[in-house]
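Colleague: Supplied in structure tokens, the structure appears directly below.
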Amino acid sequence: MGTGHRRFEFHATFSGLDEGLDILHDSVDRLRRATGRGPDDRALMLFETALGEIGSNVLTHGKPAGTERPVEYTLRLDGHGVVASLTDSGPRVHEHLSREMPGHEHEDGRGLAMARSLLDELGYERDGEVNRWKLVKRL
Amino acid sequence: MTVLAPTGRLDVAGAPALKYAIGEAVKNGPPKVVIDMEGVSFVDSTGLGSVISALKQIRGSQGELRLAAPNQQVRVVLELTTLDRVFPYYATVEEALTGF
């Protein structure tokens, strides 16, 4: 289902882990309300899962000691779906598009592989001293 | 027999509490643990990691772990990661406790 003429745009900056995760999930709840989608809407549920993975990576690794720069976050609808962007000042991320799902016995290392599987597009670029993530899911 | 019932998001912020609770359950001998997921609204890969950690601890103590009542999001994450093959889940706590 296309998003048609609906408009939705949300911006926030944050630094703390709990605060940041709360804001990310709250923004998706706002999007649900704005678009009349219920909590069981599968596309948004998959998107929120991917957003949680990238968001927790950014909040965990994207704020090196000594930096004051907060994470910048935008969530919006475009003509076909939902687009999130996150900008952080952490170190460059390597092999983000090639990490495979680890075996059952591993306790970590699934986040990027999960996000890639759940989204229609997971973009990443190093822009000077910051990382820019783009998450796209068709609705 | 121990039934743990975490609530809210089982994510990078919420996973340490589950790890702690499992550690306590393992102290009292070979544990049989059911994690009641009904109150878990959302799980991420770190939360999933805490469940894998729980499974390792419990099996290392000759115990057994069952998951009960995961919501749709939790089921999708288990299936995406193929961990549903490791954690067969039950619709309700009562079902998980049957024959346990």
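The chains in the structure tokens are called A, B, ... from first to last as shown; in each chain the residues are counted from 1, and the ligands are counted from 1 in the order shown.
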Tell me the residues of chain B close to chain A, meaning within 9 Å using only C-alpha atoms, as a VMD selection string.

Modeller: chain B and resid 11 to 13 42 to 46 48 to 53 56 72 to 73 76 to 77 80 to 83 86

Colleague: Can you tell me, as a compact mmCIF listing (two decimals) with N, CA and C atoms, in the first residue's frame, which residues in chain B count as strand (DSSP E) by DSSP?

Modeller:
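Dumped to result.txt:
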```
# COMPACT_ATOMS: atom_id res chain seq x y z
N THR B 2 11.27 -22.47 37.42
CA THR B 2 11.25 -21.01 37.53
C THR B 2 10.55 -20.43 36.30
N VAL B 3 9.63 -19.52 36.52
CA VAL B 3 9.02 -18.78 35.42
C VAL B 3 9.47 -17.34 35.54
N LEU B 4 10.18 -16.88 34.53
CA LEU B 4 10.61 -15.49 34.49
C LEU B 4 9.70 -14.73 33.54
N GLY B 8 8.22 -5.13 28.92
CA GLY B 8 8.73 -4.01 28.14
C GLY B 8 9.65 -4.48 27.02
N ARG B 9 10.62 -3.67 26.68
CA ARG B 9 11.52 -4.00 25.58
C ARG B 9 12.68 -4.85 26.09
N LEU B 10 12.88 -5.98 25.44
CA LEU B 10 14.04 -6.81 25.75
C LEU B 10 15.11 -6.45 24.72
N LYS B 32 14.95 -25.67 35.58
CA LYS B 32 13.95 -25.72 34.51
C LYS B 32 13.32 -24.33 34.49
N VAL B 33 13.52 -23.63 33.37
CA VAL B 33 13.11 -22.23 33.31
C VAL B 33 12.18 -22.00 32.13
N VAL B 34 11.08 -21.34 32.40
CA VAL B 34 10.21 -20.85 31.34
C VAL B 34 10.33 -19.32 31.33
N ILE B 35 10.64 -18.77 30.15
CA ILE B 35 10.61 -17.32 30.02
C ILE B 35 9.26 -16.95 29.40
N ASP B 36 8.43 -16.32 30.20
CA ASP B 36 7.11 -15.87 29.75
C ASP B 36 7.29 -14.55 29.02
N VAL B 40 6.69 -8.92 26.94
CA VAL B 40 7.79 -8.34 26.16
C VAL B 40 7.21 -7.73 24.89
N SER B 41 7.33 -6.44 24.75
CA SER B 41 6.73 -5.75 23.61
C SER B 41 7.63 -5.78 22.38
N PHE B 42 8.93 -5.96 22.60
CA PHE B 42 9.89 -5.81 21.50
C PHE B 42 11.18 -6.49 21.90
N VAL B 43 11.77 -7.20 20.95
CA VAL B 43 13.09 -7.79 21.22
C VAL B 43 14.05 -7.37 20.11
N GLU B 64 16.84 -27.00 31.53
CA GLU B 64 16.07 -26.86 30.29
C GLU B 64 15.38 -25.51 30.27
N LEU B 65 15.29 -24.94 29.07
CA LEU B 65 14.68 -23.62 28.91
C LEU B 65 13.56 -23.70 27.88
N ARG B 66 12.42 -23.08 28.19
CA ARG B 66 11.34 -22.97 27.23
C ARG B 66 10.87 -21.52 27.16
N LEU B 67 10.45 -21.11 25.96
CA LEU B 67 9.89 -19.77 25.77
C LEU B 67 8.38 -19.89 25.61
N ALA B 68 7.66 -18.95 26.19
CA ALA B 68 6.20 -18.98 26.09
C ALA B 68 5.66 -17.62 25.66
N TYR B 89 8.89 -22.48 20.71
CA TYR B 89 8.12 -21.68 21.66
C TYR B 89 6.70 -22.22 21.80
N TYR B 90 6.13 -21.89 22.91
CA TYR B 90 4.79 -22.37 23.28
C TYR B 90 3.84 -21.18 23.32
```

Colleague: Applying 12 Å and only C-alpha atoms, which residues near segment 88-92 of chain A remain after dropping the ones on its own chain fewer than 6 positions away? List them as an MDAnalysis selection string.

Modeller: chainID A and resid 13:15 54:73 124:134

Colleague: Would you output that residue set with C-alpha atoms, as a PDB file, in the first residue's frame?

Modeller:
```pdb
ATOM      1  CA  THR A  13      18.677  14.698  18.642  1.00  0.00           C
ATOM      2  CA  PHE A  14      19.743  12.546  21.563  1.00  0.00           C
ATOM      3  CA  SER A  15      22.778  11.200  23.353  1.00  0.00           C
ATOM      4  CA  ILE A  54      20.754   0.411  13.812  1.00  0.00           C
ATOM      5  CA  GLY A  55      19.743   2.794  16.592  1.00  0.00           C
ATOM      6  CA  SER A  56      21.300   0.687  19.322  1.00  0.00           C
ATOM      7  CA  ASN A  57      24.492   0.309  17.252  1.00  0.00           C
ATOM      8  CA  VAL A  58      24.665   4.053  16.762  1.00  0.00           C
ATOM      9  CA  LEU A  59      23.960   4.784  20.416  1.00  0.00           C
ATOM     10  CA  THR A  60      26.450   2.194  21.613  1.00  0.00           C
ATOM     11  CA  HIS A  61      29.322   2.810  19.179  1.00  0.00           C
ATOM     12  CA  GLY A  62      28.542   6.191  17.679  1.00  0.00           C
ATOM     13  CA  LYS A  63      29.494   8.377  20.613  1.00  0.00           C
ATOM     14  CA  PRO A  64      33.189   7.959  21.286  1.00  0.00           C
ATOM     15  CA  ALA A  65      34.532   9.239  24.604  1.00  0.00           C
ATOM     16  CA  GLY A  66      35.037  12.974  24.570  1.00  0.00           C
ATOM     17  CA  THR A  67      32.524  13.784  21.856  1.00  0.00           C
ATOM     18  CA  GLU A  68      29.686  16.141  22.648  1.00  0.00           C
ATOM     19  CA  ARG A  69      27.904  15.716  19.377  1.00  0.00           C
ATOM     20  CA  PRO A  70      24.475  14.091  19.756  1.00  0.00           C
ATOM     21  CA  VAL A  71      22.968  11.593  17.365  1.00  0.00           C
ATOM     22  CA  GLU A  72      20.748  13.289  14.782  1.00  0.00           C
ATOM     23  CA  TYR A  73      17.608  11.448  13.766  1.00  0.00           C
ATOM     24  CA  TYR A 124      25.613   3.844   4.933  1.00  0.00           C
ATOM     25  CA  GLU A 125      28.214   6.455   4.082  1.00  0.00           C
ATOM     26  CA  ARG A 126      31.158   7.981   5.829  1.00  0.00           C
ATOM     27  CA  ASP A 127      30.901  11.746   5.446  1.00  0.00           C
ATOM     28  CA  GLY A 128      33.975  13.457   6.865  1.00  0.00           C
ATOM     29  CA  GLU A 129      33.929  12.691  10.569  1.00  0.00           C
ATOM     30  CA  VAL A 130      30.392  11.315  10.755  1.00  0.00           C
ATOM     31  CA  ASN A 131      28.491   8.167   9.804  1.00  0.00           C
ATOM     32  CA  ARG A 132      25.230   8.573   7.919  1.00  0.00           C
ATOM     33  CA  TRP A 133      22.710   5.734   7.966  1.00  0.00           C
ATOM     34  CA  LYS A 134      19.614   5.557   5.808  1.00  0.00           C
TER      35      LYS A 134
END
```

Colleague: Just the residues within 12 Å of Asn28 of chain B, please, counting only C-alpha atoms, with nothing from its chain fewer than 6 positions along; format it as a ChimeraX atom specification.

Modeller: /B:1-2,21-22,58,61-63

Colleague: Save the residues we just selected, N, CA and C atoms, as a PDB file, in the first residue's frame?

Modeller:
```pdb
ATOM      1  N   MET B   1      11.449 -25.371  39.367  1.00  0.00           N
ATOM      2  CA  MET B   1      10.840 -24.721  38.194  1.00  0.00           C
ATOM      3  C   MET B   1      10.790 -23.209  38.421  1.00  0.00           C
ATOM      4  N   THR B   2      11.271 -22.470  37.421  1.00  0.00           N
ATOM      5  CA  THR B   2      11.248 -21.013  37.529  1.00  0.00           C
ATOM      6  C   THR B   2      10.551 -20.434  36.302  1.00  0.00           C
ATOM      7  N   ALA B  21      18.722 -12.474  36.154  1.00  0.00           N
ATOM      8  CA  ALA B  21      17.698 -13.385  36.689  1.00  0.00           C
ATOM      9  C   ALA B  21      18.031 -14.834  36.357  1.00  0.00           C
ATOM     10  N   ILE B  22      18.537 -15.083  35.161  1.00  0.00           N
ATOM     11  CA  ILE B  22      18.925 -16.439  34.781  1.00  0.00           C
ATOM     12  C   ILE B  22      20.081 -16.907  35.664  1.00  0.00           C
ATOM     13  N   ILE B  58      21.815 -22.496  31.224  1.00  0.00           N
ATOM     14  CA  ILE B  58      20.874 -23.500  31.733  1.00  0.00           C
ATOM     15  C   ILE B  58      21.277 -24.895  31.270  1.00  0.00           C
ATOM     16  N   SER B  61      24.104 -26.267  33.069  1.00  0.00           N
ATOM     17  CA  SER B  61      23.749 -26.774  34.407  1.00  0.00           C
ATOM     18  C   SER B  61      22.792 -27.947  34.320  1.00  0.00           C
ATOM     19  N   GLN B  62      22.760 -28.587  33.120  1.00  0.00           N
ATOM     20  CA  GLN B  62      21.872 -29.742  32.881  1.00  0.00           C
ATOM     21  C   GLN B  62      20.404 -29.364  33.074  1.00  0.00           C
ATOM     22  N   GLY B  63      20.072 -28.140  32.769  1.00  0.00           N
ATOM     23  CA  GLY B  63      18.694 -27.707  32.886  1.00  0.00           C
ATOM     24  C   GLY B  63      18.023 -27.600  31.527  1.00  0.00           C
TER      25      GLY B  63
END
```

Colleague: Could you give me, as an mmCIF file with C-alpha atoms, in the first residue's frame, each residue of segment 1-91 of chain B that DSSP assigns to alpha helix (DSSP H) when run on this structure's backbone?

Modeller:
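Here's the written file states22.cif:
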```cif
data_model
loop_
_atom_site.group_PDB
_atom_site.id
_atom_site.type_symbol
_atom_site.label_atom_id
_atom_site.label_comp_id
_atom_site.auth_asym_id
_atom_site.auth_seq_id
_atom_site.Cartn_x
_atom_site.Cartn_y
_atom_site.Cartn_z
ATOM 1 C CA ALA B 15 18.739 -7.526 28.444
ATOM 2 C CA PRO B 16 21.069 -7.293 31.481
ATOM 3 C CA ALA B 17 18.170 -7.805 33.906
ATOM 4 C CA LEU B 18 17.216 -11.082 32.217
ATOM 5 C CA LYS B 19 20.833 -12.268 32.294
ATOM 6 C CA TYR B 20 20.948 -11.530 36.018
ATOM 7 C CA ALA B 21 17.698 -13.385 36.689
ATOM 8 C CA ILE B 22 18.925 -16.439 34.781
ATOM 9 C CA GLY B 23 22.164 -16.372 36.741
ATOM 10 C CA GLU B 24 20.166 -16.475 39.970
ATOM 11 C CA ALA B 25 18.009 -19.371 38.734
ATOM 12 C CA VAL B 26 21.088 -21.416 37.812
ATOM 13 C CA SER B 45 19.475 -8.778 18.708
ATOM 14 C CA THR B 46 20.943 -7.957 22.111
ATOM 15 C CA GLY B 47 17.819 -9.197 23.839
ATOM 16 C CA LEU B 48 18.016 -12.307 21.712
ATOM 17 C CA GLY B 49 21.645 -12.662 22.771
ATOM 18 C CA SER B 50 20.550 -12.635 26.402
ATOM 19 C CA VAL B 51 18.174 -15.527 25.692
ATOM 20 C CA ILE B 52 20.978 -17.456 23.961
ATOM 21 C CA SER B 53 23.185 -16.748 26.966
ATOM 22 C CA ALA B 54 20.397 -18.050 29.192
ATOM 23 C CA LEU B 55 20.137 -21.219 27.150
ATOM 24 C CA LYS B 56 23.898 -21.827 27.434
ATOM 25 C CA GLN B 57 23.886 -21.278 31.185
ATOM 26 C CA ILE B 58 20.874 -23.500 31.733
ATOM 27 C CA ARG B 59 22.075 -26.334 29.517
ATOM 28 C CA GLY B 60 25.498 -26.031 31.121
ATOM 29 C CA GLN B 72 4.372 -11.319 16.584
ATOM 30 C CA GLN B 73 7.535 -9.194 16.597
ATOM 31 C CA VAL B 74 9.410 -11.670 18.777
ATOM 32 C CA ARG B 75 8.313 -14.570 16.570
ATOM 33 C CA VAL B 76 9.465 -12.740 13.438
ATOM 34 C CA VAL B 77 12.889 -12.100 14.955
ATOM 35 C CA LEU B 78 13.217 -15.737 16.054
ATOM 36 C CA GLU B 79 12.293 -16.921 12.570
ATOM 37 C CA LEU B 80 14.507 -14.392 10.759
#
```

Colleague: What does the distance from atom CA of Ile23 of chain A to atom CA of Leu86 of chain A come to in Å, to one decimal?

Modeller: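 For atom CA of Ile23 of chain A relative to atom CA of Leu86 of chain A, the distance reads 12.4 Å.
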
Colleague: Between A:Ser27, A:Arg116, A:Leu44, A:Glu121, which has the minimum distance to Thr74 of chain A (counting only C-alpha atoms)?

Modeller: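 Ranking A:Ser27, A:Arg116, A:Leu44, A:Glu121 by distance to Thr74 of chain A, first place goes to A:Ser27.
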
Colleague: Find the distance between atom CA of Asp29 of chain A and atom CA of Thr92 of chain B and write it in Å to one decimal.

Modeller: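 Calculated distance between atom CA of Asp29 of chain A and atom CA of Thr92 of chain B is 26.8 Å.
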
Colleague: Could you state the separation of atom CA of Val28 of chain A and atom CA of Glu100 of chain A in Å, given to one decimal place?

Modeller: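 For atom CA of Val28 of chain A relative to atom CA of Glu100 of chain A, the distance reads 26.9 Å.
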
Colleague: Pick from A:Arg138, A:His94, A:Arg76, A:Arg99: nearest to His11 of chain A, with only C-alpha atoms counted?

Modeller: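 Going through A:Arg138, A:His94, A:Arg76, A:Arg99 one by one, the smallest distance to His11 of chain A is for A:Arg76.
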